[in-house]
$ cat model-v4.pdb   # PDB, C-alpha atoms and all ligand atoms
ATOM      1  CA  MET A 281     -29.277  -4.006-152.429
ATOM      2  CA  LYS A 282     -25.588  -3.325-151.967
ATOM      3  CA  ASN A 283     -22.945  -5.587-153.490
ATOM      4  CA  ASN A 284     -21.050  -6.779-150.458
ATOM      5  CA  LEU A 285     -17.703  -7.200-152.258
ATOM      6  CA  LYS A 286     -17.663  -3.744-153.799
ATOM      7  CA  ASN A 287     -18.746  -2.223-150.507
ATOM      8  CA  ASN A 288     -16.431  -4.230-148.296
ATOM      9  CA  LYS A 289     -14.108  -1.488-147.071
ATOM     10  CA  THR A 290     -13.145  -3.496-144.009
ATOM     11  CA  ASN A 291      -9.842  -4.712-145.496
ATOM     12  CA  ALA A 292      -8.104  -4.472-148.889
ATOM     13  CA  ASN A 293      -7.519  -8.255-148.911
ATOM     14  CA  ILE A 294     -10.912  -9.925-148.542
ATOM     15  CA  TYR A 295      -9.392 -12.950-146.778
ATOM     16  CA  ILE A 296      -7.781 -10.899-143.994
ATOM     17  CA  PRO A 297     -10.229 -10.428-141.136
ATOM     18  CA  LEU A 298     -10.908  -7.126-139.494
ATOM     19  CA  ASN A 299      -9.885  -6.981-135.843
ATOM     20  CA  GLY A 300     -12.869  -7.100-133.548
ATOM     21  CA  LYS A 301     -12.981  -6.968-129.768
ATOM     22  CA  ILE A 302     -15.678  -8.604-127.638
ATOM     23  CA  GLU A 303     -17.351  -5.821-125.679
ATOM     24  CA  GLU A 304     -20.138  -7.747-123.968
ATOM     25  CA  ILE A 305     -21.469 -11.308-123.773
ATOM     26  CA  THR A 306     -25.055 -12.150-122.772
ATOM     27  CA  GLN A 307     -26.241 -15.694-122.135
ATOM     28  CA  LEU A 308     -29.622 -15.829-123.888
ATOM     29  CA  THR A 309     -30.480 -19.527-123.454
ATOM     30  CA  GLY A 310     -28.562 -22.661-122.420
ATOM     31  CA  ASP A 311     -26.497 -22.810-125.622
ATOM     32  CA  VAL A 312     -27.031 -19.373-127.214
ATOM     33  CA  ARG A 313     -25.048 -16.237-126.436
ATOM     34  CA  LEU A 314     -25.234 -12.701-127.775
ATOM     35  CA  PHE A 315     -21.812 -11.225-128.533
ATOM     36  CA  LYS A 316     -21.398  -7.457-128.832
ATOM     37  CA  ILE A 317     -18.314  -6.961-130.983
ATOM     38  CA  LYS A 318     -16.593  -3.623-131.435
ATOM     39  CA  THR A 319     -14.831  -3.077-134.766
ATOM     40  CA  GLU A 320     -12.028  -0.571-135.411
ATOM     41  CA  THR A 321     -14.213   1.345-137.849
ATOM     42  CA  PRO A 322     -18.026   1.170-138.149
ATOM     43  CA  VAL A 323     -19.141  -1.468-140.659
ATOM     44  CA  ASP A 324     -22.230  -0.869-142.785
ATOM     45  CA  TYR A 325     -24.567  -3.726-143.643
ATOM     46  CA  VAL A 326     -28.250  -4.585-144.068
ATOM     47  CA  PRO A 327     -30.418  -7.165-142.234
ATOM     48  CA  GLY A 328     -29.911 -10.654-143.675
ATOM     49  CA  GLN A 329     -26.211 -10.166-144.455
ATOM     50  CA  PHE A 330     -23.620 -12.269-142.623
ATOM     51  CA  PHE A 331     -20.033 -12.121-141.422
ATOM     52  CA  MET A 332     -17.296 -14.774-141.438
ATOM     53  CA  LEU A 333     -16.296 -14.856-137.777
ATOM     54  CA  SER A 334     -12.909 -16.324-136.869
ATOM     55  CA  VAL A 335     -11.088 -17.535-133.802
ATOM     56  CA  TRP A 336      -7.319 -17.978-134.159
ATOM     57  CA  GLY A 337      -6.460 -21.708-134.290
ATOM     58  CA  ALA A 338     -10.106 -22.862-134.497
ATOM     59  CA  GLY A 339     -11.446 -21.622-137.836
ATOM     60  CA  GLU A 340     -14.132 -19.458-139.397
ATOM     61  CA  VAL A 341     -17.945 -19.680-139.458
ATOM     62  CA  PRO A 342     -20.711 -17.662-141.144
ATOM     63  CA  ILE A 343     -22.877 -15.777-138.643
ATOM     64  CA  SER A 344     -25.724 -13.388-139.494
ATOM     65  CA  ALA A 345     -25.859  -9.841-138.218
ATOM     66  CA  ALA A 346     -28.321  -9.851-135.301
ATOM     67  CA  SER A 347     -28.583  -6.066-134.921
ATOM     68  CA  LEU A 348     -28.853  -2.971-137.105
ATOM     69  CA  PRO A 349     -25.550  -1.156-137.857
ATOM     70  CA  LYS A 350     -24.513   1.241-135.094
ATOM     71  CA  GLU A 351     -22.494   4.434-135.382
ATOM     72  CA  ASN A 352     -20.105   3.297-132.640
ATOM     73  CA  GLY A 353     -19.099   0.249-134.715
ATOM     74  CA  THR A 354     -20.661  -2.367-132.449
ATOM     75  CA  ILE A 355     -22.160  -5.427-134.136
ATOM     76  CA  GLU A 356     -24.332  -7.930-132.271
ATOM     77  CA  LEU A 357     -24.088 -11.599-133.209
ATOM     78  CA  CYS A 358     -26.302 -14.295-131.708
ATOM     79  CA  ILE A 359     -24.450 -17.618-131.718
ATOM     80  CA  ARG A 360     -25.554 -21.162-130.872
ATOM     81  CA  LYS A 361     -22.798 -23.480-129.625
ATOM     82  CA  THR A 362     -22.867 -26.234-132.251
ATOM     83  CA  GLY A 363     -19.374 -27.591-132.909
ATOM     84  CA  VAL A 364     -15.681 -26.738-133.089
ATOM     85  CA  VAL A 365     -15.654 -23.045-134.038
ATOM     86  CA  THR A 366     -18.840 -21.944-132.282
ATOM     87  CA  SER A 367     -17.547 -23.674-129.100
ATOM     88  CA  ALA A 368     -14.279 -21.737-129.470
ATOM     89  CA  ILE A 369     -16.295 -18.510-129.803
ATOM     90  CA  HIS A 370     -18.317 -19.410-126.686
ATOM     91  CA  SER A 371     -15.058 -19.949-124.765
ATOM     92  CA  LEU A 372     -13.990 -16.325-125.412
ATOM     93  CA  GLU A 373     -14.380 -13.646-122.761
ATOM     94  CA  THR A 374     -15.114  -9.936-122.767
ATOM     95  CA  GLY A 375     -12.110  -7.938-124.001
ATOM     96  CA  GLN A 376     -10.699 -10.755-126.142
ATOM     97  CA  PRO A 377     -10.080 -10.337-129.893
ATOM     98  CA  ILE A 378     -12.154 -11.970-132.624
ATOM     99  CA  GLY A 379     -11.791 -11.824-136.432
ATOM    100  CA  LEU A 380     -14.524 -10.600-138.716
ATOM    101  CA  ARG A 381     -14.816 -10.612-142.538
ATOM    102  CA  GLY A 382     -17.752  -9.098-144.365
ATOM    103  CA  PRO A 383     -20.513  -8.124-144.585
ATOM    104  CA  TYR A 384     -21.341 -10.781-147.179
ATOM    105  CA  GLY A 385     -24.467 -11.901-148.996
ATOM    106  CA  ASN A 386     -27.431  -9.979-150.332
ATOM    107  CA  GLY A 387     -29.652  -9.247-147.312
ATOM    108  CA  PHE A 388     -33.451  -9.120-147.098
ATOM    109  CA  PRO A 389     -35.186  -7.122-149.849
ATOM    110  CA  ARG A 390     -37.204  -4.461-148.073
ATOM    111  CA  ASP A 391     -38.934  -2.797-151.029
ATOM    112  CA  ILE A 392     -41.498  -5.647-151.079
ATOM    113  CA  SER A 393     -42.845  -4.665-147.650
ATOM    114  CA  THR A 394     -43.756  -1.059-148.447
ATOM    115  CA  GLY A 395     -47.501  -0.559-148.063
ATOM    116  CA  ARG A 396     -48.017  -4.233-147.178
ATOM    117  CA  ASP A 397     -48.651  -6.270-144.070
ATOM    118  CA  VAL A 398     -45.625  -8.385-143.172
ATOM    119  CA  VAL A 399     -45.495 -11.852-141.655
ATOM    120  CA  ILE A 400     -42.156 -12.828-140.074
ATOM    121  CA  VAL A 401     -41.749 -16.555-139.433
ATOM    122  CA  ALA A 402     -38.882 -17.620-137.163
ATOM    123  CA  GLY A 403     -37.788 -21.020-135.875
ATOM    124  CA  GLY A 404     -35.148 -21.343-133.132
ATOM    125  CA  ILE A 405     -31.879 -19.517-133.900
ATOM    126  CA  GLY A 406     -33.599 -18.285-137.097
ATOM    127  CA  ILE A 407     -34.788 -15.331-135.013
ATOM    128  CA  ALA A 408     -31.177 -13.963-135.126
ATOM    129  CA  PRO A 409     -31.102 -12.604-138.722
ATOM    130  CA  LEU A 410     -34.757 -11.522-138.419
ATOM    131  CA  ARG A 411     -34.086  -9.409-135.299
ATOM    132  CA  PRO A 412     -32.547  -6.438-137.201
ATOM    133  CA  LEU A 413     -35.462  -6.601-139.653
ATOM    134  CA  ILE A 414     -37.911  -6.385-136.724
ATOM    135  CA  GLN A 415     -35.841  -3.506-135.269
ATOM    136  CA  HIS A 416     -36.029  -1.778-138.663
ATOM    137  CA  PHE A 417     -39.831  -2.078-138.852
ATOM    138  CA  ILE A 418     -40.093  -0.702-135.289
ATOM    139  CA  ASN A 419     -37.811   2.260-136.140
ATOM    140  CA  LYS A 420     -39.501   2.911-139.502
ATOM    141  CA  PRO A 421     -43.151   1.838-139.233
ATOM    142  CA  GLU A 422     -43.828   3.581-142.548
ATOM    143  CA  ASP A 423     -41.849   0.808-144.309
ATOM    144  CA  ALA A 424     -44.611  -1.777-143.756
ATOM    145  CA  GLY A 425     -48.244  -2.226-142.767
ATOM    146  CA  LYS A 426     -49.052  -4.458-139.802
ATOM    147  CA  VAL A 427     -46.101  -6.644-138.800
ATOM    148  CA  THR A 428     -46.773 -10.064-137.243
ATOM    149  CA  LEU A 429     -44.050 -12.314-135.818
ATOM    150  CA  LEU A 430     -44.703 -16.063-135.579
ATOM    151  CA  TYR A 431     -41.891 -17.602-133.542
ATOM    152  CA  GLY A 432     -41.432 -21.269-132.670
ATOM    153  CA  SER A 433     -38.940 -22.735-130.174
ATOM    154  CA  ARG A 434     -38.316 -26.244-128.881
ATOM    155  CA  THR A 435     -39.140 -25.373-125.234
ATOM    156  CA  PRO A 436     -40.049 -22.183-123.285
ATOM    157  CA  ASP A 437     -36.460 -22.034-121.945
ATOM    158  CA  GLU A 438     -35.129 -21.928-125.502
ATOM    159  CA  ILE A 439     -37.033 -18.800-126.559
ATOM    160  CA  ILE A 440     -34.207 -16.507-127.634
ATOM    161  CA  PHE A 441     -34.680 -12.733-126.912
ATOM    162  CA  ARG A 442     -37.684 -13.550-124.679
ATOM    163  CA  ASP A 443     -37.592 -10.172-122.873
ATOM    164  CA  GLU A 444     -37.165  -8.320-126.124
ATOM    165  CA  VAL A 445     -40.188 -10.082-127.597
ATOM    166  CA  GLU A 446     -42.286  -8.291-124.929
ATOM    167  CA  GLU A 447     -40.728  -4.947-125.967
ATOM    168  CA  TRP A 448     -41.487  -5.710-129.629
ATOM    169  CA  LYS A 449     -45.139  -6.273-128.667
ATOM    170  CA  GLU A 450     -45.203  -2.899-126.875
ATOM    171  CA  SER A 451     -43.744  -1.313-130.029
ATOM    172  CA  GLY A 452     -46.662  -2.515-132.146
ATOM    173  CA  ILE A 453     -45.450  -5.872-133.482
ATOM    174  CA  ALA A 454     -48.119  -8.593-133.188
ATOM    175  CA  VAL A 455     -46.428 -11.679-131.750
ATOM    176  CA  ALA A 456     -47.530 -15.322-131.525
ATOM    177  CA  LEU A 457     -45.170 -17.771-129.841
ATOM    178  CA  THR A 458     -45.271 -21.545-129.841
ATOM    179  CA  VAL A 459     -43.118 -24.339-128.404
ATOM    180  CA  ASP A 460     -42.734 -28.007-129.297
ATOM    181  CA  LYS A 461     -42.869 -29.019-125.638
ATOM    182  CA  GLY A 462     -44.240 -26.871-122.801
ATOM    183  CA  ASN A 463     -43.541 -26.917-119.061
ATOM    184  CA  ASP A 464     -45.605 -26.263-115.923
ATOM    185  CA  ASN A 465     -45.363 -22.471-116.369
ATOM    186  CA  TRP A 466     -46.129 -22.399-120.096
ATOM    187  CA  LYS A 467     -49.703 -21.340-120.859
ATOM    188  CA  GLY A 468     -49.124 -20.526-124.532
ATOM    189  CA  ASN A 469     -49.337 -22.419-127.831
ATOM    190  CA  ILE A 470     -47.835 -25.876-128.252
ATOM    191  CA  GLY A 471     -47.127 -27.148-131.752
ATOM    192  CA  LEU A 472     -45.463 -26.180-134.996
ATOM    193  CA  VAL A 473     -44.954 -22.527-135.947
ATOM    194  CA  THR A 474     -46.925 -23.276-139.126
ATOM    195  CA  GLY A 475     -49.947 -23.945-136.896
ATOM    196  CA  LEU A 476     -50.039 -20.216-136.080
ATOM    197  CA  TRP A 477     -51.413 -18.919-139.417
ATOM    198  CA  PRO A 478     -54.893 -18.270-137.875
ATOM    199  CA  GLU A 479     -53.191 -15.770-135.519
ATOM    200  CA  VAL A 480     -52.283 -13.545-138.498
ATOM    201  CA  GLN A 481     -54.896 -10.864-139.179
ATOM    202  CA  THR A 482     -54.130 -10.092-142.816
ATOM    203  CA  ASN A 483     -55.007 -10.805-146.409
ATOM    204  CA  PHE A 484     -52.154 -13.175-147.300
ATOM    205  CA  LYS A 485     -52.620 -12.457-151.022
ATOM    206  CA  LYS A 486     -51.515  -8.848-150.464
ATOM    207  CA  ALA A 487     -48.907  -9.402-147.719
ATOM    208  CA  ALA A 488     -45.182 -10.277-147.733
ATOM    209  CA  ALA A 489     -43.275 -12.807-145.604
ATOM    210  CA  TYR A 490     -39.718 -13.209-144.289
ATOM    211  CA  ILE A 491     -38.761 -16.671-143.011
ATOM    212  CA  CYS A 492     -35.718 -18.105-141.216
ATOM    213  CA  GLY A 493     -35.316 -21.381-139.349
ATOM    214  CA  PRO A 494     -34.583 -25.057-139.876
ATOM    215  CA  GLU A 495     -34.895 -26.264-143.480
ATOM    216  CA  VAL A 496     -37.942 -28.423-142.746
ATOM    217  CA  MET A 497     -39.747 -25.399-141.252
ATOM    218  CA  ILE A 498     -38.772 -23.151-144.162
ATOM    219  CA  LYS A 499     -40.161 -25.622-146.717
ATOM    220  CA  ALA A 500     -43.448 -26.049-144.801
ATOM    221  CA  ALA A 501     -43.866 -22.285-144.254
ATOM    222  CA  MET A 502     -43.202 -21.440-147.920
ATOM    223  CA  ARG A 503     -45.702 -24.049-149.155
ATOM    224  CA  ASP A 504     -48.386 -22.936-146.673
ATOM    225  CA  LEU A 505     -47.970 -19.279-147.627
ATOM    226  CA  PHE A 506     -48.221 -20.213-151.311
ATOM    227  CA  PHE A 507     -51.492 -22.083-150.623
ATOM    228  CA  LEU A 508     -52.728 -19.110-148.565
ATOM    229  CA  GLY A 509     -52.356 -17.075-151.751
ATOM    230  CA  MET A 510     -49.122 -15.153-151.170
ATOM    231  CA  PRO A 511     -47.217 -14.581-154.453
ATOM    232  CA  ASP A 512     -43.918 -16.508-154.714
ATOM    233  CA  GLU A 513     -41.862 -13.322-155.178
ATOM    234  CA  ARG A 514     -43.025 -11.988-151.801
ATOM    235  CA  ILE A 515     -42.194 -15.180-149.863
ATOM    236  CA  ILE A 516     -38.607 -14.513-148.761
ATOM    237  CA  THR A 517     -36.314 -16.859-146.867
ATOM    238  CA  THR A 518     -32.692 -17.118-145.878
ATOM    239  CA  LEU A 519     -30.888 -20.421-146.529
ATOM    240  CA  GLU A 520     -27.909 -22.106-144.890
ATOM    241  CA  ALA A 521     -25.031 -24.072-146.413
ATOM    242  CA  HIS A 522     -21.567 -25.120-145.360
ATOM    243  CA  MET A 523     -19.257 -22.210-146.189
ATOM    244  CA  LYS A 524     -15.514 -21.696-146.381
ATOM    245  CA  CYS A 525     -14.724 -18.487-148.277
ATOM    246  CA  GLY A 526     -18.046 -16.609-148.092
ATOM    247  CA  VAL A 527     -17.232 -14.792-151.327
ATOM    248  CA  GLY A 528     -18.085 -17.169-154.193
ATOM    249  CA  LYS A 529     -14.593 -18.651-154.700
ATOM    250  CA  CYS A 530     -14.435 -22.104-153.055
ATOM    251  CA  GLY A 531     -17.704 -23.744-154.192
ATOM    252  CA  HIS A 532     -18.567 -25.172-150.760
ATOM    253  CA  CYS A 533     -21.992 -23.493-150.670
ATOM    254  CA  TYR A 534     -23.001 -24.332-154.270
ATOM    255  CA  ILE A 535     -26.607 -25.645-154.303
ATOM    256  CA  GLY A 536     -28.283 -26.097-157.661
ATOM    257  CA  PRO A 537     -26.805 -23.378-159.865
ATOM    258  CA  GLN A 538     -26.485 -20.922-156.954
ATOM    259  CA  TYR A 539     -23.809 -19.881-154.498
ATOM    260  CA  ILE A 540     -25.603 -19.400-151.188
ATOM    261  CA  CYS A 541     -22.874 -16.963-150.064
ATOM    262  CA  THR A 542     -23.077 -14.514-152.976
ATOM    263  CA  ASP A 543     -26.434 -15.171-154.724
ATOM    264  CA  GLY A 544     -28.050 -15.474-151.246
ATOM    265  CA  PRO A 545     -28.308 -16.272-148.435
ATOM    266  CA  VAL A 546     -31.700 -14.606-148.997
ATOM    267  CA  PHE A 547     -33.913 -16.008-151.763
ATOM    268  CA  SER A 548     -37.537 -15.618-152.836
ATOM    269  CA  TYR A 549     -39.705 -18.720-153.208
ATOM    270  CA  LYS A 550     -39.915 -17.729-156.896
ATOM    271  CA  LYS A 551     -36.144 -18.038-157.292
ATOM    272  CA  ILE A 552     -36.003 -21.215-155.206
ATOM    273  CA  LYS A 553     -38.550 -22.836-157.537
ATOM    274  CA  GLU A 554     -36.962 -21.502-160.749
ATOM    275  CA  ARG A 555     -33.451 -22.624-159.783
ATOM    276  CA  SER A 556     -34.530 -25.892-158.068
ATOM    277  CA  ILE A 557     -32.850 -24.918-154.786
ATOM    278  CA  LEU A 558     -34.145 -26.748-151.682
ATOM    279  CA  MET A 559     -36.665 -28.890-153.636
TER
HETATM  280  C1  LIG A 601     -25.405 -17.482-143.916
HETATM  281  C2  LIG A 601     -25.359 -18.183-142.584
HETATM  282  C3  LIG A 601     -25.701 -17.497-141.438
HETATM  283  C4  LIG A 601     -25.665 -18.131-140.181
HETATM  284  N1  LIG A 601     -26.014 -17.407-139.090
HETATM  285  C5  LIG A 601     -25.937 -17.980-137.869
HETATM  286  C6  LIG A 601     -26.248 -17.218-136.706
HETATM  287  O1  LIG A 601     -26.609 -16.036-136.759
HETATM  288  N2  LIG A 601     -26.126 -17.837-135.512
HETATM  289  C7  LIG A 601     -25.742 -19.164-135.402
HETATM  290  O2  LIG A 601     -25.637 -19.670-134.268
HETATM  291  N3  LIG A 601     -25.462 -19.891-136.486
HETATM  292  C8  LIG A 601     -25.536 -19.348-137.717
HETATM  293  N4  LIG A 601     -25.226 -20.079-138.838
HETATM  294  C9  LIG A 601     -24.813 -21.495-138.650
HETATM  295  C10 LIG A 601     -23.348 -21.542-138.241
HETATM  296  O3  LIG A 601     -22.544 -21.026-139.269
HETATM  297  C11 LIG A 601     -22.950 -23.006-137.946
HETATM  298  O4  LIG A 601     -23.616 -23.421-136.777
HETATM  299  C12 LIG A 601     -21.460 -23.088-137.735
HETATM  300  O5  LIG A 601     -20.828 -22.961-138.986
HETATM  301  C13 LIG A 601     -21.074 -24.405-137.094
HETATM  302  O6  LIG A 601     -19.658 -24.421-137.023
HETATM  303  P1  LIG A 601     -18.883 -25.221-135.902
HETATM  304  O7  LIG A 601     -17.425 -25.260-136.286
HETATM  305  O8  LIG A 601     -19.215 -24.702-134.565
HETATM  306  O9  LIG A 601     -19.524 -26.655-136.023
HETATM  307  P2  LIG A 601     -18.923 -27.918-136.794
HETATM  308  O10 LIG A 601     -17.970 -28.583-135.854
HETATM  309  O11 LIG A 601     -18.446 -27.544-138.154
HETATM  310  O12 LIG A 601     -20.258 -28.737-137.007
HETATM  311  C14 LIG A 601     -21.104 -29.179-135.965
HETATM  312  C15 LIG A 601     -22.325 -29.799-136.632
HETATM  313  O13 LIG A 601     -23.106 -28.777-137.300
HETATM  314  C16 LIG A 601     -23.217 -29.066-138.687
HETATM  315  N5  LIG A 601     -23.124 -27.796-139.414
HETATM  316  C17 LIG A 601     -22.060 -26.974-139.498
HETATM  317  N6  LIG A 601     -22.346 -25.899-140.256
HETATM  318  C18 LIG A 601     -23.621 -26.051-140.673
HETATM  319  C19 LIG A 601     -24.486 -25.294-141.504
HETATM  320  N7  LIG A 601     -24.118 -24.136-142.073
HETATM  321  N8  LIG A 601     -25.709 -25.778-141.749
HETATM  322  C20 LIG A 601     -26.109 -26.944-141.198
HETATM  323  N9  LIG A 601     -25.336 -27.702-140.398
HETATM  324  C21 LIG A 601     -24.113 -27.264-140.153
HETATM  325  C22 LIG A 601     -22.085 -30.001-138.994
HETATM  326  O14 LIG A 601     -22.370 -30.816-140.121
HETATM  327  C23 LIG A 601     -21.980 -30.821-137.716
HETATM  328  O15 LIG A 601     -22.969 -31.819-137.688
HETATM  329  C24 LIG A 601     -25.276 -19.498-140.088
HETATM  330  C25 LIG A 601     -24.942 -20.201-141.242
HETATM  331  C26 LIG A 601     -24.996 -19.559-142.479
HETATM  332  C27 LIG A 601     -24.625 -20.317-143.718
HETATM  333  S1  LIG A 602     -18.580 -20.254-149.333
HETATM  334 FE1  LIG A 602     -17.078 -20.388-150.877
HETATM  335  S2  LIG A 602     -18.282 -20.229-152.686
HETATM  336 FE2  LIG A 602     -19.733 -19.844-151.093
END
$ encode --input "model-v4.pdb" --output "structure tokens"
Amino acid sequence: MKNNLKNNKTNANIYIPLNGKIEEITQLTGDVRLFKIKTETPVDYVPGQFFMLSVWGAGEVPISAASLPKENGTIELCIRKTGVVTSAIHSLETGQPIGLRGPYGNGFPRDISTGRDVVIVAGGIGIAPLRPLIQHFINKPEDAGKVTLLYGSRTPDEIIFRDEVEEWKESGIAVALTVDKGNDNWKGNIGLVTGLWPEVQTNFKKAAAYICGPEVMIKAAMRDLFFLGMPDERIITTLEAHMKCGVGKCGHCYIGPQYICTDGPVFSYKKIKERSILM
């Protein structure tokens, strides 16, 4: 995996953001938008890495890459309106500037998927960092065996990338969706994403998993996969923490003996147990 600091050619001073320009905005759900941001020069990164996104006068927030790198230098970021900075980002329009530092963090290890079935477990906005991983497995099917996505949302209206999910199915990804609360049109599963394990046609002992979602879901999914026989080193998750610098200098993201920004944000269950993160 690349070291983000050594490979950060975006700016000589790591605290000075790269100039980005919003090329396109798509409303995905009530409070989630997809921003296509064009950078001056193409930026290379891997799924699971994140950027510090800044709006002048509002501040900076960590946001995961939601697409694979593109030659034209466009990065897609899927952002839920949560508070001060994400609201400022949502108030921007096409053509307006936006700052971007990164890529930061380690990204998802992909060597563990080779020759193995893969289970991807997403909850809510957690689908955002997993989307480029899904795109990768569609583009390079030889990098994994059968890929199954288990994706939970609060309601049917809050399923992010709903149209794309249908395209993923057509591209060979097995998908099981669930919602906490259905509506009159919803004929699918209702309940927790961790209730979907019977939908996965695999030998869990030989498979690998990538997880992203709320902390409570991550903990439950990791424990279930462990009890289903998956080895700790192949249960992979991405963790969140409050961040300021994104580059291991300020200490804001220090949990246990780990900086989430530089040691993570992606960790194996093995490392989480060894370092007492999230316990
Ligand atoms: C590595 C990483 C990747 C992320 N990727 C995405 C992404 O792809 N899309 C996305 O929408 N969001 C993502 N987030 C979360 C996003 O950074 C926060 O929602 C954002 O920082 C909130 O900032 P704000 O100024 O809008 O809200 P604030 O006004 O700062 O806070 C609003 C509320 O959210 C809480 N909050 C703020 N930051 C966090 C956090 N990191 N974890 C838990 N609670 C928090 C605050 O305590 C407060 O209750 C990511 C976070 C991390 C650490
Ligand atoms: S965000 Fe500053 S050390 Fe991680």
$ residues_near_ligand --input "model-v4.pdb" --ligand "ligand LIG 601 (chain A)" --cutoff "9 Å" --atoms "all atoms listed in the file" --output "PyMOL selection string"
chain A and resi 312-313+328-333+338-346+357-369+384-385+405-409+494+518-523+526+533+540-541+544-546
$ residues_around --input "model-v4.pdb" --residues "region 426-430 of chain A" --least-positions-apart "5" --cutoff "9 Å" --atoms "only C-alpha atoms" --output "ChimeraX atom specification"
/A:396-403,414,417,421,452-458,473-474,476-477,479-482
$ resolve_selection --input "model-v4.pdb" --expression "the PyMOL selection byres (((chain A and resi 306) around 12) and not hetatm)" --output "PyMOL selection string"
chain A and resi 302-305+307-317+356-359+370+373-374+440-441
$ atom_distance --input "model-v4.pdb" --atom1 "CA of Lys499 (chain A)" --atom2 "CA of Leu413 (chain A)"
20.8 Å
$ resolve_selection --input "model-v4.pdb" --expression "the PyMOL selection byres (((chain A and resi 490) around 6) and not hetatm)" --output "MDAnalysis selection string"
chainID A and resid 400 489 491 516:517
$ resolve_selection --input "model-v4.pdb" --expression "the PyMOL selection byres (((chain A and resi 550) around 12) and not hetatm)" --output "ChimeraX atom specification"
/A:502-503,506,510-517,546-549,551-558
$ axis_aligned_box --input "model-v4.pdb" --around "ligand LIG 602 (chain A)" --padding-each-side "6 Å" --output "JSON"
{"center_x": -18.4, "center_y": -20.1, "center_z": -151.0, "size_x": 14.7, "size_y": 12.5, "size_z": 15.4}
$ atom_distance --input "model-v4.pdb" --atom1 "CA of Arg390 (chain A)" --atom2 "CA of Glu422 (chain A)"
11.8 Å
$ closest_residue --input "model-v4.pdb" --among "A:Tyr325, A:Asn419, A:Gly493, A:Tyr295" --to "ligand LIG 602 (chain A)" --atoms "all atoms listed in the file"
A:Tyr295
$ closest_residue --input "model-v4.pdb" --among "A:Leu298, A:Ala488, A:Val527, A:Ala501" --to "Gly475 (chain A)" --atoms "only C-alpha atoms"
A:Ala501
$ closest_residue --input "model-v4.pdb" --among "A:Gly432, A:Gly337, A:Pro537, A:Pro349" --to "Gly462 (chain A)" --atoms "only C-alpha atoms"
A:Gly432
$ atom_distance --input "model-v4.pdb" --atom1 "CA of Gln415 (chain A)" --atom2 "CA of Arg434 (chain A)"
23.7 Å
